[in-house]
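**Student:** Structure provided below as structure tokens; questions to follow.
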Amino acid sequence: MSQFQSLEHALKRFFGYDSFRPGQRQIIQQALSNRDLLVVMPTGGGKSLCFQLPALLKPGLTVVVSPLIALMQDQVESLQDNGIGATFLNSSLSLAQVRSREQDILNCRVKLLYVAPERLLSEKFLPFLDLVQHKIGISAIAIDEAHCVSEWGHDFRPEYRQLQLLRYRYPNVPFLALTATATERVRQDIIQQLVLRQPNIHIASFNRPNLYYEVQPKLKTAYSQLLQQVRAAKGSGIVYCLSRKRVDEIAFRLQQDGIKALPYHAGLSDEDRTSNQRRFIRDDVQVMVATIAFGMGINKPDVRFVIHYDLPRNLESYYQEAGRAGRDGEPASCTIFFSYGDIKTIEYIIDQKSDPQEQRIARQQLRQVIDYTEGTDCRRTIQLSYFGERFEGNCANCDNCRFPKPLEDWTIESQKFLSCVARCKERFGMNYIIDVLRGSKNQKIQQNGHHELSTYGIGTDKSVDDWKMLARSLLHQGLVDQTSDGYSVLKLNALSWEVLRRQREVKIAVPTVAVIEESPQRVA
Ligand code: ADP
Ligand code: ZN
């Protein structure tokens with residue numbers, strides 16, 4: 001590093017940046033001292049620099065394992081644009097191209113070599129790496145998207161498991177594992193599977209201050225709601241839908257309305273997918289309408305909005321998908337369209353699953369999504385608490401902080417609800433309780449004799465959706481509990497009794513979706 005007075009000089013010289021992002025400097029210093037490292041940073045946090053700069057400052061070659069060919073090409077191109085010796089080897093190259101690149105490497109013209117994991121472990125490649133190690137030295141092995149080694153992550157790739165062979169083959173070469181997946185379980189798995197040696201672990205905050213988070217009630221005229229939002233947006237964006245059919249439909253309608261939009265889902269041919277993705281990245285089209293198949297490794301820093309037209313499956317995927325917005329650090333927005341109808345659809349899908357354990361997990365994940373969408377707290381507080389990170393709230397950059405919802409006093413309704421739970425002996429779930437309150441003719445109620453309870457039929461003045469909203473809010477506020485055995489039986493707790501004894505008022509924020517759905521003129 002002697003030719004640079006400081007890391008900042010090197011940063012400026014190679015990448016043109018004036019300063020490090022949080023965490024980068026320390027990580028780079030540790031990488032320079034040949035420590036094993038595990039770097040957990042949200043998408044867009046600047047992980048690449050953490051292995052790229054050390055690669056340039058150390059003698060020898062840094063090998064970067066990266067799962068996606070498209071991503072690899074992007075990164076290598078942008079490094080080359082900066083005049084940095086980088087190249088990749090993958091199945092898209094001819095033998096002659098491979099030979100010439102290998103020669104460049106042995107002639108020290110390359111500092112960063114990107115490879116896909118399957119290549120790395122192929123018969124011909126390992127002897128080549130031995131030669132590199134012998135002649136010029138391997139300065140580090142960086143493993144991007146390291147969560148792919150873990151079955152607990154969202155993108156398990158069995159080839160990644162083989163990477164530990166490299167650890168044994170080159171015991172003195174430091175490993176750098178990088179991921180944006182935050183859960184503790186995945187972290188532990190990465191350390192174990194890659195046999196990291198007392199790694200320094202860096203876990204950056206998952207807060208993405210430049211993203212504006214909001215949830216909008218999904219109107220009956222959801223499509224016009226979307227169109228309006230897309231028209232108002234500055235720059236490009238992604239619209240996520242649950243089904244391929246919906247993706248095709250929305251992409252088509254947007255095109256009809258003069259928006260440059262393309263679909264992306266697993267039902268398209270490889271060529272179409274690659275071409276649509278490329279056109280999106282190059283700004284030929286403004287909007288990518290996609291299923292969750294789209295996204296991992298998409299390096300488009302200036303995505304200005306991500307809209308979830310349908311409810312996301314779980315909070316972790318939501319965080320990742322929404323996180324594809326604003327990777328350049330400039331303001332961007334993340335919107336969920338939320339309706340009770342969507343919850344019913346997902347509940348239906350969950351009911352079709354045959355494995356009870358899977359059902360249970362799916363239900364719990366759905367609950368968390370609903371808690372998020374219905375929550376009246378700062379959206380960041382809710383999201384980050386899911387990753388085990390505390391956030392004070394008042395972020396000034398989410399809908400709940402910018403437009404706090406008016407609170408209504410629903411103490412009496414809460415008392416009705418909770419006393420019905422008590423009278424049904426705390427043995428039923430939300431839907432049953434609501435049926436009793438609304439005086440349903442449901443056979444089960446008759447069989448249980450619950451049509452004779454004093455709380456039977458005392459809730460006809462509120463809709464099922466209103467009661468559900470109240471029940472969820474009570475759960476969210478901890479005013480009633482729910483068993484997590486998959487049956488979601490409601491149980492009273494000490495706070496429930498305070499409400500029942502009139503020692504506590506219940507306030508809920510009422511963005512009653514049902515009401516808004518009836519007045520689509522609000523869209524205009
Ligand atoms: P990640 O891999 O963590 O998702 P990237 O490494 O792709 O993130 O970085 C995201 C964006 O931030 C890229 O456009 C990158 O050029 C930019 N970036 C990274 N470090 C810095 C820095 N110190 N200053 C300015 N921009 C940076
Ligand atoms: Zn907030």
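How things are named: the first chain in the structure tokens is A, the next is B, and so on; residues count from 1 in each chain; ligands count from 1 in the order shown.
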Around ligand 1, at most 8 Å away and counting only C-alpha atoms and all ligand atoms, which residues are there? Put them as a PyMOL selection string, please.
**Tutor:** chain A and resi 11+15+17-21+24+41-50+179-180+299-301+327-329
**Student:** Set the distance at 8 Å and use only C-alpha atoms: which residues neighbour A:Ala31 once local chain neighbours fewer than 4 positions away are removed? I'd like the list as a list in words.
**Tutor:**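 Listed by chain and then number, they are Ile27, Arg35, Asp36, Leu37, Cys50, Phe51, Pro54 and Leu176 of chain A.
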**Student:** Go ahead and dump the residues you just picked, N, CA and C atoms, as a JSON list (two decimals), in the first residue's frame.
**Tutor:**
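selection-v3.json, freshly written:
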[["chain", "number", "residue", "atom", "x", "y", "z"],
["A", 27, "ILE", "N", -13.48, -2.84, 7.91],
["A", 27, "ILE", "CA", -13.50, -4.15, 7.26],
["A", 27, "ILE", "C", -12.28, -4.28, 6.35],
["A", 35, "ARG", "N", -7.30, -11.38, 7.96],
["A", 35, "ARG", "CA", -8.25, -12.05, 8.84],
["A", 35, "ARG", "C", -9.36, -12.69, 8.00],
["A", 36, "ASP", "N", -9.92, -13.79, 8.52],
["A", 36, "ASP", "CA", -11.18, -14.26, 7.95],
["A", 36, "ASP", "C", -12.27, -13.28, 8.39],
["A", 37, "LEU", "N", -13.21, -13.04, 7.48],
["A", 37, "LEU", "CA", -14.24, -12.04, 7.78],
["A", 37, "LEU", "C", -15.61, -12.53, 7.37],
["A", 50, "CYS", "N", -15.47, -3.89, -0.06],
["A", 50, "CYS", "CA", -14.77, -4.50, 1.07],
["A", 50, "CYS", "C", -13.80, -5.59, 0.64],
["A", 51, "PHE", "N", -14.02, -6.21, -0.51],
["A", 51, "PHE", "CA", -12.99, -7.14, -1.01],
["A", 51, "PHE", "C", -12.25, -6.56, -2.21],
["A", 54, "PRO", "N", -9.09, -4.14, -0.94],
["A", 54, "PRO", "CA", -7.96, -4.96, -0.46],
["A", 54, "PRO", "C", -7.31, -5.75, -1.61],
["A", 176, "LEU", "N", -13.25, -14.34, 2.85],
["A", 176, "LEU", "CA", -14.15, -13.22, 3.16],
["A", 176, "LEU", "C", -15.55, -13.62, 2.71]]
**Student:** List as a VMD selection string the protein and nucleic acid residues lying within 12 Å of ligand 2, with only C-alpha atoms and all ligand atoms counted.
**Tutor:** chain A and resid 207 to 215 372 375 to 384 391 to 404
**Student:** Quote the spacing between atom CA of A:Glu249 and atom CA of A:Thr274 in Å to one decimal place.
**Tutor:**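 Those two atoms sit 19.9 Å apart.
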**Student:** Nearest to A:Ile191: which of A:Val230, A:Ala86, A:Ile105, A:Val40 is it, counting only C-alpha atoms?
**Tutor:**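 Distance minimum relative to A:Ile191 lands on A:Val40.
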**Student:** Near stretch 112-115 of chain A, counting only C-alpha atoms, which residues have an atom at most 9 Å away, once you skip same-chain residues fewer than 2 positions from it, shown as a ChimeraX atom specification?
**Tutor:** /A:52,55-56,61-67,69,72-73,75-76,84-90,105,110,117-120
**Student:** Mind writing the picked residues with N, CA and C atoms as a PDB file, in the first residue's frame?
**Tutor:**
ATOM      1  N   GLN A  52     -12.877  -5.607  -2.919  1.00  0.00           N
ATOM      2  CA  GLN A  52     -12.214  -5.078  -4.105  1.00  0.00           C
ATOM      3  C   GLN A  52     -10.994  -4.222  -3.754  1.00  0.00           C
ATOM      4  N   ALA A  55      -8.116  -6.230  -2.538  1.00  0.00           N
ATOM      5  CA  ALA A  55      -7.549  -6.997  -3.656  1.00  0.00           C
ATOM      6  C   ALA A  55      -6.540  -6.156  -4.427  1.00  0.00           C
ATOM      7  N   LEU A  56      -6.836  -4.869  -4.549  1.00  0.00           N
ATOM      8  CA  LEU A  56      -5.947  -3.988  -5.317  1.00  0.00           C
ATOM      9  C   LEU A  56      -4.690  -3.629  -4.536  1.00  0.00           C
ATOM     10  N   LEU A  61      -3.606 -12.525  -6.474  1.00  0.00           N
ATOM     11  CA  LEU A  61      -4.931 -12.514  -7.087  1.00  0.00           C
ATOM     12  C   LEU A  61      -6.018 -12.792  -6.052  1.00  0.00           C
ATOM     13  N   THR A  62      -7.095 -11.997  -6.095  1.00  0.00           N
ATOM     14  CA  THR A  62      -8.246 -12.306  -5.257  1.00  0.00           C
ATOM     15  C   THR A  62      -9.290 -13.025  -6.109  1.00  0.00           C
ATOM     16  N   VAL A  63      -9.736 -14.159  -5.597  1.00  0.00           N
ATOM     17  CA  VAL A  63     -10.744 -14.934  -6.312  1.00  0.00           C
ATOM     18  C   VAL A  63     -12.103 -14.598  -5.702  1.00  0.00           C
ATOM     19  N   VAL A  64     -13.046 -14.217  -6.542  1.00  0.00           N
ATOM     20  CA  VAL A  64     -14.371 -13.852  -6.063  1.00  0.00           C
ATOM     21  C   VAL A  64     -15.382 -14.881  -6.548  1.00  0.00           C
ATOM     22  N   VAL A  65     -16.037 -15.527  -5.609  1.00  0.00           N
ATOM     23  CA  VAL A  65     -17.050 -16.512  -5.982  1.00  0.00           C
ATOM     24  C   VAL A  65     -18.403 -15.802  -5.978  1.00  0.00           C
ATOM     25  N   SER A  66     -19.079 -15.883  -7.094  1.00  0.00           N
ATOM     26  CA  SER A  66     -20.334 -15.156  -7.227  1.00  0.00           C
ATOM     27  C   SER A  66     -21.335 -16.056  -7.970  1.00  0.00           C
ATOM     28  N   PRO A  67     -22.563 -16.136  -7.508  1.00  0.00           N
ATOM     29  CA  PRO A  67     -23.463 -17.159  -8.036  1.00  0.00           C
ATOM     30  C   PRO A  67     -24.087 -16.840  -9.386  1.00  0.00           C
ATOM     31  N   ILE A  69     -24.139 -15.259 -13.239  1.00  0.00           N
ATOM     32  CA  ILE A  69     -23.306 -14.826 -14.352  1.00  0.00           C
ATOM     33  C   ILE A  69     -23.556 -13.358 -14.707  1.00  0.00           C
ATOM     34  N   MET A  72     -21.893 -11.113 -12.276  1.00  0.00           N
ATOM     35  CA  MET A  72     -20.456 -11.188 -12.462  1.00  0.00           C
ATOM     36  C   MET A  72     -20.003 -10.248 -13.587  1.00  0.00           C
ATOM     37  N   GLN A  73     -20.712 -10.343 -14.711  1.00  0.00           N
ATOM     38  CA  GLN A  73     -20.356  -9.514 -15.870  1.00  0.00           C
ATOM     39  C   GLN A  73     -20.488  -8.040 -15.541  1.00  0.00           C
ATOM     40  N   GLN A  75     -20.266  -6.550 -12.645  1.00  0.00           N
ATOM     41  CA  GLN A  75     -19.223  -6.077 -11.729  1.00  0.00           C
ATOM     42  C   GLN A  75     -17.894  -5.959 -12.443  1.00  0.00           C
ATOM     43  N   VAL A  76     -17.601  -6.951 -13.255  1.00  0.00           N
ATOM     44  CA  VAL A  76     -16.310  -6.925 -13.958  1.00  0.00           C
ATOM     45  C   VAL A  76     -16.263  -5.751 -14.935  1.00  0.00           C
ATOM     46  N   ILE A  84      -9.511  -1.039 -13.666  1.00  0.00           N
ATOM     47  CA  ILE A  84      -9.020  -2.039 -12.718  1.00  0.00           C
ATOM     48  C   ILE A  84      -8.927  -3.399 -13.401  1.00  0.00           C
ATOM     49  N   GLY A  85      -7.852  -4.114 -13.156  1.00  0.00           N
ATOM     50  CA  GLY A  85      -7.661  -5.421 -13.773  1.00  0.00           C
ATOM     51  C   GLY A  85      -8.598  -6.450 -13.162  1.00  0.00           C
ATOM     52  N   ALA A  86      -9.695  -6.701 -13.870  1.00  0.00           N
ATOM     53  CA  ALA A  86     -10.657  -7.686 -13.369  1.00  0.00           C
ATOM     54  C   ALA A  86     -11.124  -8.520 -14.542  1.00  0.00           C
ATOM     55  N   THR A  87     -11.437  -9.765 -14.273  1.00  0.00           N
ATOM     56  CA  THR A  87     -11.957 -10.601 -15.336  1.00  0.00           C
ATOM     57  C   THR A  87     -12.823 -11.696 -14.735  1.00  0.00           C
ATOM     58  N   PHE A  88     -13.545 -12.411 -15.597  1.00  0.00           N
ATOM     59  CA  PHE A  88     -14.316 -13.531 -15.081  1.00  0.00           C
ATOM     60  C   PHE A  88     -14.114 -14.748 -15.960  1.00  0.00           C
ATOM     61  N   LEU A  89     -14.352 -15.890 -15.380  1.00  0.00           N
ATOM     62  CA  LEU A  89     -14.319 -17.142 -16.130  1.00  0.00           C
ATOM     63  C   LEU A  89     -15.650 -17.825 -15.882  1.00  0.00           C
ATOM     64  N   ASN A  90     -16.379 -18.069 -16.963  1.00  0.00           N
ATOM     65  CA  ASN A  90     -17.590 -18.879 -16.806  1.00  0.00           C
ATOM     66  C   ASN A  90     -17.896 -19.607 -18.097  1.00  0.00           C
ATOM     67  N   ILE A 105      -3.897 -13.606 -16.164  1.00  0.00           N
ATOM     68  CA  ILE A 105      -3.803 -13.767 -14.709  1.00  0.00           C
ATOM     69  C   ILE A 105      -2.372 -14.107 -14.307  1.00  0.00           C
ATOM     70  N   VAL A 110      -4.194  -9.145 -13.764  1.00  0.00           N
ATOM     71  CA  VAL A 110      -5.526  -9.233 -13.172  1.00  0.00           C
ATOM     72  C   VAL A 110      -5.410  -9.259 -11.649  1.00  0.00           C
ATOM     73  N   PRO A 117     -19.356 -20.833  -8.620  1.00  0.00           N
ATOM     74  CA  PRO A 117     -18.868 -21.902  -7.746  1.00  0.00           C
ATOM     75  C   PRO A 117     -18.647 -23.227  -8.471  1.00  0.00           C
ATOM     76  N   GLU A 118     -19.500 -23.523  -9.434  1.00  0.00           N
ATOM     77  CA  GLU A 118     -19.340 -24.833 -10.090  1.00  0.00           C
ATOM     78  C   GLU A 118     -18.041 -24.887 -10.897  1.00  0.00           C
ATOM     79  N   ARG A 119     -17.648 -23.762 -11.450  1.00  0.00           N
ATOM     80  CA  ARG A 119     -16.416 -23.675 -12.225  1.00  0.00           C
ATOM     81  C   ARG A 119     -15.195 -23.903 -11.335  1.00  0.00           C
ATOM     82  N   LEU A 120     -15.261 -23.210 -10.221  1.00  0.00           N
ATOM     83  CA  LEU A 120     -14.152 -23.227  -9.293  1.00  0.00           C
ATOM     84  C   LEU A 120     -13.749 -24.645  -8.929  1.00  0.00           C
TER      85      LEU A 120
END
**Student:** Distance atom CA of A:Arg109-atom CA of A:Ser94, one decimal place?
**Tutor:**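 Pair atom CA of A:Arg109 / atom CA of A:Ser94 returns 19.9 Å.
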**Student:** Using only C-alpha atoms, can you tell me which of A:Val369, A:Leu315, A:Ala204, A:Leu79 comes closest to A:Gly23?
**Tutor:**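 Checking each candidate against A:Gly23, we get A:Ala204 as the closest.
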**Student:** List as a short mmCIF file (atom, residue, chain, number, x, y, z; two decimals) with C-alpha atoms, in the first residue's frame the protein and nucleic acid residues near stretch 423-428 of chain A, meaning an atom at most 7 Å away when only C-alpha atoms are counted, but skip any in the same chain fewer than 5 places from it.
**Tutor:**
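Result file selection_14.cif:
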data_model
loop_
_atom_site.label_atom_id
_atom_site.label_comp_id
_atom_site.auth_asym_id
_atom_site.auth_seq_id
_atom_site.Cartn_x
_atom_site.Cartn_y
_atom_site.Cartn_z
CA ILE A 433 -65.01 -15.54 18.27
CA VAL A 489 -56.17 -19.98 19.98
CA LEU A 490 -56.80 -16.66 21.71
CA LYS A 491 -55.75 -16.46 25.35
#
**Student:** Please give the complete set of residues from stretch 38-189 of chain A that DSSP, run on the backbone, assigns to strand (DSSP E or B), formatted as a list in words.
**Tutor:**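 DSSP-assigned strand (DSSP E or B) residues in stretch 38-189 of chain A: Leu38, Val39, Val40, Leu61, Thr62, Val63, Val64, Val65, Ala86, Thr87, Phe88, Leu89, Leu112, Leu113, Tyr114, Val115, Ile138, Ser139, Ala140, Ile141, Ala142, Ile143, Phe175, Leu176, Ala177, Leu178 and Thr179 of chain A.
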**Student:** Next, the residues of the selection above should be written as a short mmCIF file (atom, residue, chain, number, x, y, z; two decimals), in the first residue's frame with N, CA and C atoms.
**Tutor:**
data_model
loop_
_atom_site.label_atom_id
_atom_site.label_comp_id
_atom_site.auth_asym_id
_atom_site.auth_seq_id
_atom_site.Cartn_x
_atom_site.Cartn_y
_atom_site.Cartn_z
N LEU A 38 -16.58 -12.17 8.16
CA LEU A 38 -17.97 -12.35 7.74
C LEU A 38 -18.61 -10.97 7.74
N VAL A 39 -19.05 -10.53 6.58
CA VAL A 39 -19.62 -9.19 6.46
C VAL A 39 -21.12 -9.32 6.15
N VAL A 40 -21.93 -8.81 7.06
CA VAL A 40 -23.37 -8.82 6.86
C VAL A 40 -23.80 -7.37 6.68
N LEU A 61 -3.61 -12.53 -6.47
CA LEU A 61 -4.93 -12.51 -7.09
C LEU A 61 -6.02 -12.79 -6.05
N THR A 62 -7.09 -12.00 -6.09
CA THR A 62 -8.25 -12.31 -5.26
C THR A 62 -9.29 -13.02 -6.11
N VAL A 63 -9.74 -14.16 -5.60
CA VAL A 63 -10.74 -14.93 -6.31
C VAL A 63 -12.10 -14.60 -5.70
N VAL A 64 -13.05 -14.22 -6.54
CA VAL A 64 -14.37 -13.85 -6.06
C VAL A 64 -15.38 -14.88 -6.55
N VAL A 65 -16.04 -15.53 -5.61
CA VAL A 65 -17.05 -16.51 -5.98
C VAL A 65 -18.40 -15.80 -5.98
N ALA A 86 -9.69 -6.70 -13.87
CA ALA A 86 -10.66 -7.69 -13.37
C ALA A 86 -11.12 -8.52 -14.54
N THR A 87 -11.44 -9.77 -14.27
CA THR A 87 -11.96 -10.60 -15.34
C THR A 87 -12.82 -11.70 -14.74
N PHE A 88 -13.55 -12.41 -15.60
CA PHE A 88 -14.32 -13.53 -15.08
C PHE A 88 -14.11 -14.75 -15.96
N LEU A 89 -14.35 -15.89 -15.38
CA LEU A 89 -14.32 -17.14 -16.13
C LEU A 89 -15.65 -17.82 -15.88
N LEU A 112 -8.54 -9.16 -9.75
CA LEU A 112 -9.78 -9.78 -9.28
C LEU A 112 -10.32 -10.74 -10.33
N LEU A 113 -10.48 -11.98 -9.91
CA LEU A 113 -11.03 -12.99 -10.81
C LEU A 113 -12.38 -13.46 -10.29
N TYR A 114 -13.42 -13.27 -11.08
CA TYR A 114 -14.77 -13.70 -10.69
C TYR A 114 -15.05 -15.07 -11.30
N VAL A 115 -15.56 -15.97 -10.46
CA VAL A 115 -15.94 -17.29 -10.95
C VAL A 115 -17.22 -17.77 -10.30
N ILE A 138 -2.50 -16.40 -4.12
CA ILE A 138 -3.91 -16.01 -4.01
C ILE A 138 -4.02 -15.15 -2.77
N SER A 139 -4.46 -13.90 -2.94
CA SER A 139 -4.45 -12.98 -1.80
C SER A 139 -5.67 -13.16 -0.90
N ALA A 140 -6.77 -13.61 -1.47
CA ALA A 140 -7.97 -13.86 -0.66
C ALA A 140 -9.00 -14.58 -1.51
N ILE A 141 -9.93 -15.24 -0.82
CA ILE A 141 -11.08 -15.81 -1.52
C ILE A 141 -12.31 -15.13 -0.95
N ALA A 142 -12.99 -14.38 -1.82
CA ALA A 142 -14.18 -13.65 -1.38
C ALA A 142 -15.40 -14.43 -1.84
N ILE A 143 -16.33 -14.64 -0.94
CA ILE A 143 -17.53 -15.40 -1.29
C ILE A 143 -18.74 -14.49 -1.17
N PHE A 175 -10.42 -16.07 3.98
CA PHE A 175 -11.76 -16.13 3.40
C PHE A 175 -12.55 -14.89 3.81
N LEU A 176 -13.25 -14.34 2.85
CA LEU A 176 -14.15 -13.22 3.16
C LEU A 176 -15.55 -13.62 2.71
N ALA A 177 -16.44 -13.77 3.66
CA ALA A 177 -17.81 -14.15 3.28
C ALA A 177 -18.69 -12.92 3.40
N LEU A 178 -19.53 -12.68 2.37
CA LEU A 178 -20.38 -11.49 2.39
C LEU A 178 -21.82 -11.87 2.10
N THR A 179 -22.73 -11.26 2.82
CA THR A 179 -24.15 -11.55 2.59
C THR A 179 -25.02 -10.39 3.07
#
**Student:** Which residue is closest to A:Gln198? Choose from A:Gln103, A:Ser78, A:Asn34, A:Ser236 and count only C-alpha atoms.
**Tutor:**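 Going through A:Gln103, A:Ser78, A:Asn34, A:Ser236 one by one, the smallest distance to A:Gln198 is for A:Asn34.
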**Student:** Stretch 507-511 of chain A: which residues within 7 Å, counting only C-alpha atoms, same-chain residues fewer than 5 positions away excluded, as a PyMOL selection string?
**Tutor:** chain A and resi 376+405-410+473
**Student:** Give the answer as one residue: which of A:Thr335, A:Arg472, A:Tyr487, A:Phe294 has the shortest atom-to-atom distance to A:Gln357, using only C-alpha atoms?
**Tutor:**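 Result for the nearest residue to A:Gln357: A:Tyr487.
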**Student:** If you run DSSP on this backbone, which residues of stretch 211-322 of chain A come out as alpha helix (DSSP H), and could you give them as a PyMOL selection string?
**Tutor:** chain A and resi 222-232+244-256+270-281+315-322
**Student:** Can you tell me which residues surround A:Ser496 at a distance of at most 10 Å, considering only C-alpha atoms, apart from same-chain residues fewer than 6 positions away, and format the answer as a ChimeraX atom specification?
**Tutor:** /A:414-415,418-419,422,474,478-481,502-504
**Student:** Next, the residues of the selection above should be written as a PDB file, in the first residue's frame with C-alpha atoms.
**Tutor:**
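Below is the file that was written, again-v8.pdb:
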ATOM      1  CA  SER A 414     -62.493  -4.608  22.900  1.00  0.00           C
ATOM      2  CA  GLN A 415     -64.421  -5.497  26.027  1.00  0.00           C
ATOM      3  CA  LEU A 418     -62.339 -10.160  25.111  1.00  0.00           C
ATOM      4  CA  SER A 419     -65.316 -11.182  27.166  1.00  0.00           C
ATOM      5  CA  ALA A 422     -63.430 -15.558  28.113  1.00  0.00           C
ATOM      6  CA  LEU A 474     -55.219  -6.209  20.194  1.00  0.00           C
ATOM      7  CA  GLY A 478     -50.151  -7.276  23.373  1.00  0.00           C
ATOM      8  CA  LEU A 479     -53.668  -6.929  24.802  1.00  0.00           C
ATOM      9  CA  VAL A 480     -54.466 -10.561  24.052  1.00  0.00           C
ATOM     10  CA  ASP A 481     -52.249 -13.560  23.254  1.00  0.00           C
ATOM     11  CA  ARG A 502     -62.079  -0.952  32.641  1.00  0.00           C
ATOM     12  CA  GLN A 503     -58.633  -0.141  33.938  1.00  0.00           C
ATOM     13  CA  ARG A 504     -57.268   0.373  30.459  1.00  0.00           C
TER      14      ARG A 504
END
**Student:** Quick check, in Å to one decimal: how far apart do atom CA of A:Arg161 and atom CA of A:Gly137 lie?
**Tutor:**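 Atom-to-atom, atom CA of A:Arg161 to atom CA of A:Gly137, that is 23.8 Å.
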